[in-house]
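Report on the structure given below.
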Amino acid sequence: MPALHAFANPARFLRIARPLTPVLFWAGAVLIALGCWAGLTQTPPDYLQGETVRILYIHVPAAWLGMGGWTGIAVASISYLVWRHPLAQVAARAIALPGAVFAAICLATGSIWGRPTWGTWWQWDGRLTSMLLLLFVYLGYMALARADAERGGDGRVPALYGVAGTVLLPIIRYSVVWWNTLHQGPSIGLTRSSIDASLLWPLPIMLAGFSLFFASVVLMRMRAMLATAKAEARMRRMARA
């Protein structure tokens, strides 16, 4: 924890976040552009799905960041509950909106991909339903965090909610293993992949690009929240003067 507590001072955090934000943003943008070019022009169509397989370059990173975003909320929530890290609550709330957006993108691209592949836009199977629940959990967290802030709460209730929501992550991950669902089984593992290498190689580029972009958005939101809190504190001091 000493490394995390080094950023407990917002001024110290901002000194690093300000120059790091554009670096992450533009690095992510370049990688996303490179990955899109590679995925759209340098890979062959799938022998079964044809050109529709290319949506995986958006769908997989969106699923990764939808789940990864909630993991970040959980880690930040634990840091706040256990160590009362002053920026943990800010980080969790900054992650929530982009995490929800990527969860929604995952569902939308999955639906678009599913129509020509499965013959239906939606199926209430384990993977799709659990991912939809994660989107609702994101929305619930944002509403709860806003209500807690408006009533002057100490942030413990949203933090507990952030930890409790992690129960969905293993369900999403293993839903295609535990239940016989329409969604395909695990395609990419640590040691092997069912996706041919000729299609797979742009995917790490897109994963890295979207992850850097996600991180830049989180830093932007944290900086905006800290600036808002500073401005509100200044206004309260002026009102008391």
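Ordering of the structure tokens sets the chain letters (A, B, ...), residue numbers begin anew at 1 in every chain, and ligands are numbered from 1 in the order given.
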A:Trp113 environment, 12 Å, only C-alpha atoms, sequence neighbours closer than 2 positions dropped, as a PyMOL selection string: chain A and resi 49-60+105-111+115-122+183
Leaving out stretch 32-48 of chain A and any residue of its chain fewer than 3 positions from it, which residues lie within 10 Å of it when counting only C-alpha atoms, given as a PDB file with C-alpha atoms, in the first residue's frame?
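Final output, out29.pdb:
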```pdb
ATOM      1  CA  TRP A  26      -3.134   9.439 -28.094  1.00  0.00           C
ATOM      2  CA  ALA A  27      -1.320   6.120 -27.649  1.00  0.00           C
ATOM      3  CA  GLY A  28      -4.707   4.425 -27.370  1.00  0.00           C
ATOM      4  CA  ALA A  29      -6.061   6.304 -30.397  1.00  0.00           C
ATOM      5  CA  GLU A  51     -17.045 -10.577 -42.937  1.00  0.00           C
ATOM      6  CA  THR A  52     -19.214 -10.394 -39.808  1.00  0.00           C
ATOM      7  CA  VAL A  53     -16.402 -11.952 -37.776  1.00  0.00           C
ATOM      8  CA  ARG A  54     -14.575  -8.597 -37.851  1.00  0.00           C
ATOM      9  CA  ILE A  55     -16.901  -7.248 -35.172  1.00  0.00           C
ATOM     10  CA  LEU A  56     -14.863  -9.265 -32.669  1.00  0.00           C
ATOM     11  CA  TYR A  57     -12.228  -6.499 -32.745  1.00  0.00           C
ATOM     12  CA  ILE A  58     -14.752  -4.216 -31.011  1.00  0.00           C
ATOM     13  CA  THR A 117     -24.707 -15.840 -36.792  1.00  0.00           C
ATOM     14  CA  ILE A 195      -9.630 -18.530 -33.430  1.00  0.00           C
ATOM     15  CA  ASP A 196      -7.167 -18.878 -36.282  1.00  0.00           C
ATOM     16  CA  ALA A 197      -3.994 -16.816 -35.905  1.00  0.00           C
ATOM     17  CA  SER A 198      -4.665 -15.064 -39.221  1.00  0.00           C
ATOM     18  CA  LEU A 199      -7.766 -13.492 -37.625  1.00  0.00           C
ATOM     19  CA  LEU A 200      -6.478 -13.171 -34.076  1.00  0.00           C
ATOM     20  CA  TRP A 201      -3.347 -11.036 -34.395  1.00  0.00           C
ATOM     21  CA  PRO A 202      -5.050  -7.581 -34.592  1.00  0.00           C
ATOM     22  CA  LEU A 203      -7.018  -8.322 -31.415  1.00  0.00           C
ATOM     23  CA  PRO A 204      -4.177  -7.656 -28.910  1.00  0.00           C
ATOM     24  CA  ILE A 205      -3.589  -4.320 -30.627  1.00  0.00           C
ATOM     25  CA  MET A 206      -7.243  -3.381 -30.160  1.00  0.00           C
ATOM     26  CA  LEU A 207      -7.239  -4.610 -26.564  1.00  0.00           C
ATOM     27  CA  ALA A 208      -4.188  -2.491 -25.758  1.00  0.00           C
ATOM     28  CA  GLY A 209      -5.588   0.544 -27.595  1.00  0.00           C
ATOM     29  CA  PHE A 210      -8.983   0.470 -25.924  1.00  0.00           C
ATOM     30  CA  SER A 211      -7.392  -0.189 -22.509  1.00  0.00           C
ATOM     31  CA  LEU A 212      -5.164   2.888 -22.847  1.00  0.00           C
ATOM     32  CA  PHE A 213      -8.127   4.936 -24.067  1.00  0.00           C
TER      33      PHE A 213
END
```
Two-atom distance - atom CA of A:Glu150, atom CA of A:Ala233 (Å): 14.6 Å
Using 12 Å as the limit and counting only C-alpha atoms, can you tabulate each residue of stretch 199-240 of chain A that touches stretch 7-16 of chain A, with its shortest atom-to-atom distance in Å and the two atoms involved, as a tab-separated table?
```
residue	atom	partner	partner_atom	distance
A:Leu219	CA	A:Leu14	CA	9.2
A:Met220	CA	A:Leu14	CA	10.3
A:Arg221	CA	A:Leu14	CA	11.9
A:Met222	CA	A:Leu14	CA	9.2
A:Arg223	CA	A:Leu14	CA	7.1
A:Ala224	CA	A:Leu14	CA	10.6
A:Met225	CA	A:Pro10	CA	11.0
A:Leu226	CA	A:Pro10	CA	7.7
A:Ala227	CA	A:Pro10	CA	10.0
A:Ala229	CA	A:Pro10	CA	11.0
A:Lys230	CA	A:Pro10	CA	10.3
```
Selection from above, N, CA and C atoms, as a CSV table (one decimal), in the first residue's frame, can you write it?
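So selection-v1.csv came out as:
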```csv
chain,number,residue,atom,x,y,z
A,219,LEU,N,-8.8,8.9,-16.0
A,219,LEU,CA,-8.0,10.0,-15.5
A,219,LEU,C,-8.6,11.4,-15.8
A,220,MET,N,-9.2,11.6,-16.9
A,220,MET,CA,-9.9,12.8,-17.2
A,220,MET,C,-11.1,13.0,-16.2
A,221,ARG,N,-11.8,12.0,-16.0
A,221,ARG,CA,-12.9,12.1,-15.1
A,221,ARG,C,-12.5,12.4,-13.6
A,222,MET,N,-11.4,11.7,-13.2
A,222,MET,CA,-10.9,11.9,-11.9
A,222,MET,C,-10.4,13.4,-11.7
A,223,ARG,N,-9.7,13.9,-12.7
A,223,ARG,CA,-9.3,15.3,-12.7
A,223,ARG,C,-10.5,16.2,-12.6
A,224,ALA,N,-11.5,15.9,-13.4
A,224,ALA,CA,-12.7,16.8,-13.4
A,224,ALA,C,-13.4,16.8,-12.0
A,225,MET,N,-13.5,15.6,-11.4
A,225,MET,CA,-14.1,15.5,-10.1
A,225,MET,C,-13.4,16.2,-9.1
A,226,LEU,N,-12.0,16.1,-9.1
A,226,LEU,CA,-11.2,16.8,-8.1
A,226,LEU,C,-11.3,18.3,-8.3
A,227,ALA,N,-11.4,18.8,-9.6
A,227,ALA,CA,-11.5,20.2,-9.8
A,227,ALA,C,-12.9,20.7,-9.3
A,229,ALA,N,-14.7,19.3,-6.9
A,229,ALA,CA,-14.7,19.3,-5.4
A,229,ALA,C,-13.9,20.5,-4.9
A,230,LYS,N,-12.8,20.9,-5.6
A,230,LYS,CA,-12.0,22.1,-5.1
A,230,LYS,C,-12.8,23.3,-5.3
```
Backbone DSSP call of alpha helix (DSSP H) for chain A, listed as number ranges by chain: A: 2-5, 10-41, 56-83, 88-118, 126-150, 156-164, 168-178, 197-200, 202-240
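The residue that comes closest to A:Asp148, out of A:Gln89, A:Gln123, A:Leu168, A:Leu135 and on the basis of only C-alpha atoms, is A:Gln89.
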Nearest residue to A:Ala17 from the set A:Leu160, A:Ala239, A:Val218, A:Leu134 (distances using only C-alpha atoms):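 Of all the options, A:Val218 lies closest to A:Ala17.
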